[in-house]
Amino acid sequence: MSLVRSAEPATASCRNTKLYSIQDSSDSTGMAIRMFGSDKHKPVYVMDSYSSESYEKYFLDSPTDELIHSSSSGISGSSVRLQDVSSCQIRDYLEIQSPDTLDSDSDKMKLKLQELERALLADNDVDGDDDMFGTGLSMEVDGEWSDPIRMGSHHDSPKESSSSGSYLDCVSGNKEVSHVSSQTPKQMLIECAAILSEGHIEKASAIINELRQKVSIQGDPPQRIAAYMVEGLAARMAASGKYLYKALRCKEPPSSDRLAAMQILFEVCPCFKFGFMAANGAIIEAFKGEKRVHIIDFDISQGSQYITLIQTIAKLPGKPSHLRLTGVDDPESVQRLNGGLEIVGLRLEKLAEILGVPFEFRAVPSRTSLVAPSMLDCKPGEALIVNFAFQLHHMPDESVSTINQRDQLLRMVKSMNPKLVTVVEQDVNTNTSPFFPRFIEAYSYYSAVFDSLDATLPRESQDRMNVERQCLARDIVNIIACEGEERIERYEVAGKWRARMIMAGFKSCPMSSNVIDTIQKLIKEYCDRYKLKEDVGALHFGWEDKSLIVASAWS
C-alpha cells in the first residue's frame, strides 16, 4: 500500500493542508480505496411525504443550482451552554422528577440510572472554565440560537404531547410558527426540534418543508449541516429513522464509496487520523522489550490503522517483534459481505512480508457482544494489547439495557490482563442526553466538523459531498431520529470514558512526550486551526476551540 498525494487545497488559514488517497500497488489484492464516479446528480424536490425513500433522495442527490441564501453568520464551534439558554432553563428540564409523577417502573429505573450516572460519571459536572476544548459537558448557545429557546419540559418521543410550561407557551410574545421564514436555518432547526420534542407534528412539518427550500448540501457550512439535520428531524417525526439509517449504511455499492469517503475524512479532517496515530504511538511504546505482541482489535474494519503500524515497526532499531493481530468483525457488516476480513488479512500479511515484519493475522467473524476470551486465542509469552478505535460507542450501556454490554466488554478485557488498552472516540455526548439537548449538542459538534471541511475542500467538491453524505449524515440521522436500541451512535465525552475505564479496573497511561511532539509537528503541516490539548493523560484533537476526538491509553 502506498500513500499517493492527490490534492493540495490552499486557503488563507490552511495553506499546508494535504489530501492523500491510499492505493494498493499489489496486483494480487488490487483494491483502490479512493474510488469516486462523476455521475451527475438529480435535482431535489420538496415533498410532503415522509417515506424512507424521500429521505434518501435528500442525502443521495444534489439540489438544484439555485441556492436560497440564508444566514451568513459563523458557526459557534463549542458555544452551547445548556444552562444559559434562556429564562426557561434547560437545566429545569433535566432535573430529576419525583417518582410520584412517573408513569411506569421503567421510567423510575431510567431516572435511577441517570442519577447513578451523574454521581459516578460526573454527567453534569461543569467546571465553569471556558478554556479551549470543553469536553462537551459545558455548552452555551450563541445569540442567534438563544432568542427562540424558551422551554420548560420536553419529551423523547415526537408523539408525546407537552404539559404546562411548554416551548410554545414560553416563546416571547407567543410568536406564530408561520413567521419562521425570517429566521436563519440554525434558528429554524432549533425551533423545529423544540416543537417536535413536544409532539406538535403539524407545526414541525411546516418548518421542515420551509427549511428544505432554504438549505443546500452544496451551500455554506450552516446550510449543509442544516440540510442533513432537517432530514433527521423529518425521520424522527415519521418514526422511521431506523430505516433511513439502515438505507444509508447498506446502499450499494457499499465498499468503494463508503470506504473512500472515510479515508478522505481522515485526511481532510485529520483529527480522526491523529486519533489513530496517538493509539499507534502508545502501541509502539508498549512493544519495547517484547519479543511477541498480540493485538486484538474489536472493530478492525479495513485495517488501515495497521498499515501505518507495520510500517513504523519495520523502522524500529533491532530485530522487529513478532506481531499477531486478531481482527474482530461483525459477519453481517459491509466489510464482511465483501470478503472483508480475509482480504484485510491478506493485504496486511503481504505488506509485513515486504517490510520484513514477522506477522500473523487471525480473523474472528463475530459480533463484539458475543466475543468470549476463549475465542481470542491468547497465548503465554505474548504481550497483549487491545485496541478500541471508534468502536466502544456502538456498545449499548446501562441506559439502553440492564445487560450493559459496554461495561461488560471492558470488564472482560480487563480479566485478560492486557499490557495496554487504547481508546479513541469522538468527544461528544449523544448517549444519555434527552432528545432536545442531544440535538443542540450534535449541532455544535458537527458544525465544527463541517466548518473544518470548508477550510480544506471547495464547496462544489464531489469528494466533500461524499464525505458528508457517507460518513456524517448517517450519524446525524441516527443521533436525531432514533431512540432506544435503534440509536446506535452513542458517543460519550472523555470524562465518561475515563470513569468507565477506572470502574472496570484500568489505570491511565499518559501518552509519551515523543508521541505528543510527533503529532504536534504533523498538525502544523495541516492548519493552525487544528488544536491539540493534553488533559488528564488523554489527548484531545479539535478544530479551533471544539474538541472533536479524544485518544487515551490504559493498563
# chains A, B, ... in the order shown; residues from 1 in each chain; ligands from 1
call {"tool": "select_by_dssp", "arguments": {"residues": "segment 247-362 of chain A", "states": "helix (DSSP H, G or I)", "output": "MDAnalysis selection string"}}
result
chainID A and resid 247:250 254:268 271:287 304:315 334:337 340:355
call {"tool": "residues_around", "arguments": {"residues": "Val328 of chain A", "least_positions_apart": "2", "cutoff": "6 Å", "atoms": "only C-alpha atoms", "output": "NGL selection string"}}
result
:A and (298-299 or 364-365)
call {"tool": "closest_atom_pairs", "arguments": {"of": "segment 433-488 of chain A", "to": "segment 535-550 of chain A", "cutoff": "9 Å", "atoms": "only C-alpha atoms", "output": "CSV"}}
result
residue,atom,partner,partner_atom,distance
A:Ser444,CA,A:Lys546,CA,8.6
A:Tyr445,CA,A:Leu548,CA,7.2
A:Tyr446,CA,A:Leu548,CA,8.9
A:Ala448,CA,A:Trp543,CA,6.4
A:Val449,CA,A:Trp543,CA,7.5
A:Asp451,CA,A:Trp543,CA,8.5
A:Ser452,CA,A:Trp543,CA,6.7
call {"tool": "closest_residue", "arguments": {"among": "A:Met277, A:Ile201, A:Ala260, A:Ala227", "to": "Ile519 of chain A", "atoms": "only C-alpha atoms"}}
result
A:Met277
call {"tool": "closest_residue", "arguments": {"among": "A:Lys524, A:His294, A:Arg438, A:Lys533", "to": "Glu492 of chain A", "atoms": "only C-alpha atoms"}}
result
A:Arg438
call {"tool": "closest_residue", "arguments": {"among": "A:Phe287, A:Tyr228, A:Tyr443, A:Phe388", "to": "Val215 of chain A", "atoms": "only C-alpha atoms"}}
result
A:Tyr228
call {"tool": "closest_residue", "arguments": {"among": "A:Val293, A:Arg212, A:Ala282, A:Val357", "to": "Lys315 of chain A", "atoms": "only C-alpha atoms"}}
result
A:Val357
call {"tool": "residues_around", "arguments": {"residues": "segment 416-423 of chain A", "least_positions_apart": "5", "cutoff": "9 Å", "atoms": "only C-alpha atoms", "output": "PyMOL selection string"}}
result
chain A and resi 275+278-280+282-283+286+373+378+383-392+411+497+506+509+550-555
call {"tool": "residues_around", "arguments": {"residues": "segment 398-410 of chain A", "least_positions_apart": "2", "cutoff": "8 Å", "atoms": "only C-alpha atoms", "output": "tab-separated table (two decimals) with all heavy atoms, in the first residue's frame"}}
result
chain	number	residue	atom	x	y	z
A	110	LYS	N	-35.11	4.25	34.67
A	110	LYS	CA	-34.28	5.14	33.85
A	110	LYS	C	-33.76	6.31	34.66
A	110	LYS	O	-32.60	6.71	34.52
A	110	LYS	CB	-35.08	5.63	32.65
A	110	LYS	CG	-35.31	4.58	31.57
A	110	LYS	CD	-36.05	5.16	30.38
A	110	LYS	CE	-36.25	4.09	29.30
A	110	LYS	NZ	-36.99	4.63	28.14
A	113	LEU	N	-31.04	5.24	36.95
A	113	LEU	CA	-29.80	5.05	36.19
A	113	LEU	C	-29.14	6.38	35.88
A	113	LEU	O	-27.93	6.53	35.95
A	113	LEU	CB	-30.09	4.27	34.90
A	113	LEU	CG	-30.41	2.78	35.07
A	113	LEU	CD1	-30.87	2.19	33.75
A	113	LEU	CD2	-29.19	2.03	35.58
A	114	GLN	N	-29.96	7.37	35.50
A	114	GLN	CA	-29.41	8.69	35.21
A	114	GLN	C	-28.81	9.32	36.45
A	114	GLN	O	-27.77	9.97	36.40
A	114	GLN	CB	-30.51	9.58	34.64
A	114	GLN	CG	-30.96	9.17	33.23
A	114	GLN	CD	-32.15	9.97	32.76
A	114	GLN	OE1	-32.69	10.79	33.50
A	114	GLN	NE2	-32.58	9.72	31.54
A	369	SER	N	-20.44	-8.23	21.03
A	369	SER	CA	-21.15	-8.62	22.25
A	369	SER	C	-21.09	-10.12	22.50
A	369	SER	O	-21.34	-10.57	23.63
A	369	SER	CB	-22.61	-8.16	22.16
A	369	SER	OG	-23.26	-8.76	21.04
A	392	LEU	N	-16.27	1.47	20.84
A	392	LEU	CA	-16.99	1.30	22.09
A	392	LEU	C	-18.34	2.02	22.11
A	392	LEU	O	-19.28	1.58	22.76
A	392	LEU	CB	-16.15	1.78	23.27
A	392	LEU	CG	-15.03	0.85	23.73
A	392	LEU	CD1	-14.16	1.53	24.78
A	392	LEU	CD2	-15.61	-0.46	24.28
A	393	HIS	N	-18.45	3.13	21.38
A	393	HIS	CA	-19.70	3.89	21.40
A	393	HIS	C	-20.86	3.13	20.77
A	393	HIS	O	-22.02	3.49	20.94
A	393	HIS	CB	-19.53	5.25	20.72
A	393	HIS	CG	-19.39	5.17	19.23
A	393	HIS	ND1	-18.18	5.00	18.60
A	393	HIS	CD2	-20.32	5.23	18.23
A	393	HIS	CE1	-18.35	4.97	17.29
A	393	HIS	NE2	-19.64	5.10	17.04
A	395	MET	N	-21.51	0.04	21.53
A	395	MET	CA	-21.96	-0.94	22.51
A	395	MET	C	-23.03	-0.32	23.41
A	395	MET	O	-22.77	0.72	24.05
A	395	MET	CB	-20.78	-1.43	23.35
A	395	MET	CG	-19.65	-2.05	22.54
A	395	MET	SD	-20.16	-3.52	21.64
A	395	MET	CE	-20.51	-4.65	23.00
A	396	PRO	N	-24.21	-0.92	23.51
A	396	PRO	CA	-25.25	-0.37	24.39
A	396	PRO	C	-24.79	-0.39	25.85
A	396	PRO	O	-24.08	-1.29	26.28
A	396	PRO	CB	-26.43	-1.33	24.18
A	396	PRO	CG	-26.15	-2.04	22.89
A	396	PRO	CD	-24.66	-2.13	22.79
A	412	MET	N	-14.48	-7.69	30.68
A	412	MET	CA	-13.94	-8.90	30.08
A	412	MET	C	-12.49	-8.69	29.63
A	412	MET	O	-11.62	-9.53	29.85
A	412	MET	CB	-14.78	-9.35	28.88
A	412	MET	CG	-14.33	-10.67	28.26
A	412	MET	SD	-14.94	-10.94	26.59
A	412	MET	CE	-13.88	-9.84	25.63
A	413	VAL	N	-12.24	-7.55	28.98
A	413	VAL	CA	-10.89	-7.24	28.52
A	413	VAL	C	-9.93	-7.13	29.70
A	413	VAL	O	-8.80	-7.63	29.65
A	413	VAL	CB	-10.89	-5.94	27.68
A	413	VAL	CG1	-9.46	-5.46	27.43
A	413	VAL	CG2	-11.61	-6.16	26.36
A	414	LYS	N	-10.38	-6.48	30.78
A	414	LYS	CA	-9.53	-6.35	31.96
A	414	LYS	C	-9.17	-7.72	32.53
A	414	LYS	O	-8.04	-7.93	33.01
A	414	LYS	CB	-10.23	-5.50	33.01
A	414	LYS	CG	-9.41	-5.28	34.29
A	414	LYS	CD	-8.08	-4.60	34.00
A	414	LYS	CE	-7.28	-4.40	35.26
A	414	LYS	NZ	-5.93	-3.82	34.99
A	432	THR	N	-26.77	9.60	26.60
A	432	THR	CA	-27.84	9.66	27.60
A	432	THR	C	-28.67	10.93	27.55
A	432	THR	O	-29.71	11.01	28.20
A	432	THR	CB	-27.25	9.51	29.01
A	432	THR	OG1	-26.27	10.54	29.21
A	432	THR	CG2	-26.58	8.16	29.18
A	484	GLY	N	-33.69	4.45	22.03
A	484	GLY	CA	-33.57	3.08	22.50
A	484	GLY	C	-32.50	2.30	21.77
A	484	GLY	O	-31.44	2.82	21.43
A	485	GLU	N	-32.79	1.03	21.50
A	485	GLU	CA	-31.81	0.17	20.84
A	485	GLU	C	-31.53	0.60	19.41
A	485	GLU	O	-30.50	0.24	18.84
A	485	GLU	CB	-32.31	-1.29	20.86
A	485	GLU	CG	-32.38	-1.88	22.26
A	485	GLU	CD	-32.85	-3.32	22.24
A	485	GLU	OE1	-33.23	-3.81	21.15
A	485	GLU	OE2	-32.83	-3.98	23.30
A	500	ARG	N	-15.55	5.12	33.11
A	500	ARG	CA	-15.84	3.72	32.78
A	500	ARG	C	-14.58	2.86	32.87
A	500	ARG	O	-14.61	1.73	33.39
A	500	ARG	CB	-16.45	3.61	31.38
A	500	ARG	CG	-17.87	4.12	31.27
A	500	ARG	CD	-18.49	3.72	29.95
A	500	ARG	NE	-19.78	4.35	29.76
A	500	ARG	CZ	-20.92	3.93	30.28
A	500	ARG	NH1	-20.92	2.85	31.06
A	500	ARG	NH2	-22.05	4.55	30.05
A	501	MET	N	-13.49	3.38	32.34
A	501	MET	CA	-12.24	2.61	32.37
A	501	MET	C	-11.77	2.39	33.80
A	501	MET	O	-11.33	1.29	34.16
A	501	MET	CB	-11.16	3.32	31.55
A	501	MET	CG	-11.48	3.47	30.06
A	501	MET	SD	-11.68	1.89	29.20
A	501	MET	CE	-10.00	1.28	29.19
A	504	ALA	N	-13.81	-0.17	35.54
A	504	ALA	CA	-13.51	-1.52	35.05
A	504	ALA	C	-12.17	-2.04	35.58
A	504	ALA	O	-11.82	-3.20	35.34
A	504	ALA	CB	-13.50	-1.54	33.52
call {"tool": "closest_residue", "arguments": {"among": "A:Gly327, A:Pro510, A:Pro458, A:Gly289", "to": "Gln218 of chain A", "atoms": "only C-alpha atoms"}}
result
A:Pro458
call {"tool": "atom_distance", "arguments": {"atom1": "atom CA of Gly340 of chain A", "atom2": "atom CA of Glu468 of chain A"}}
result
23.8 Å
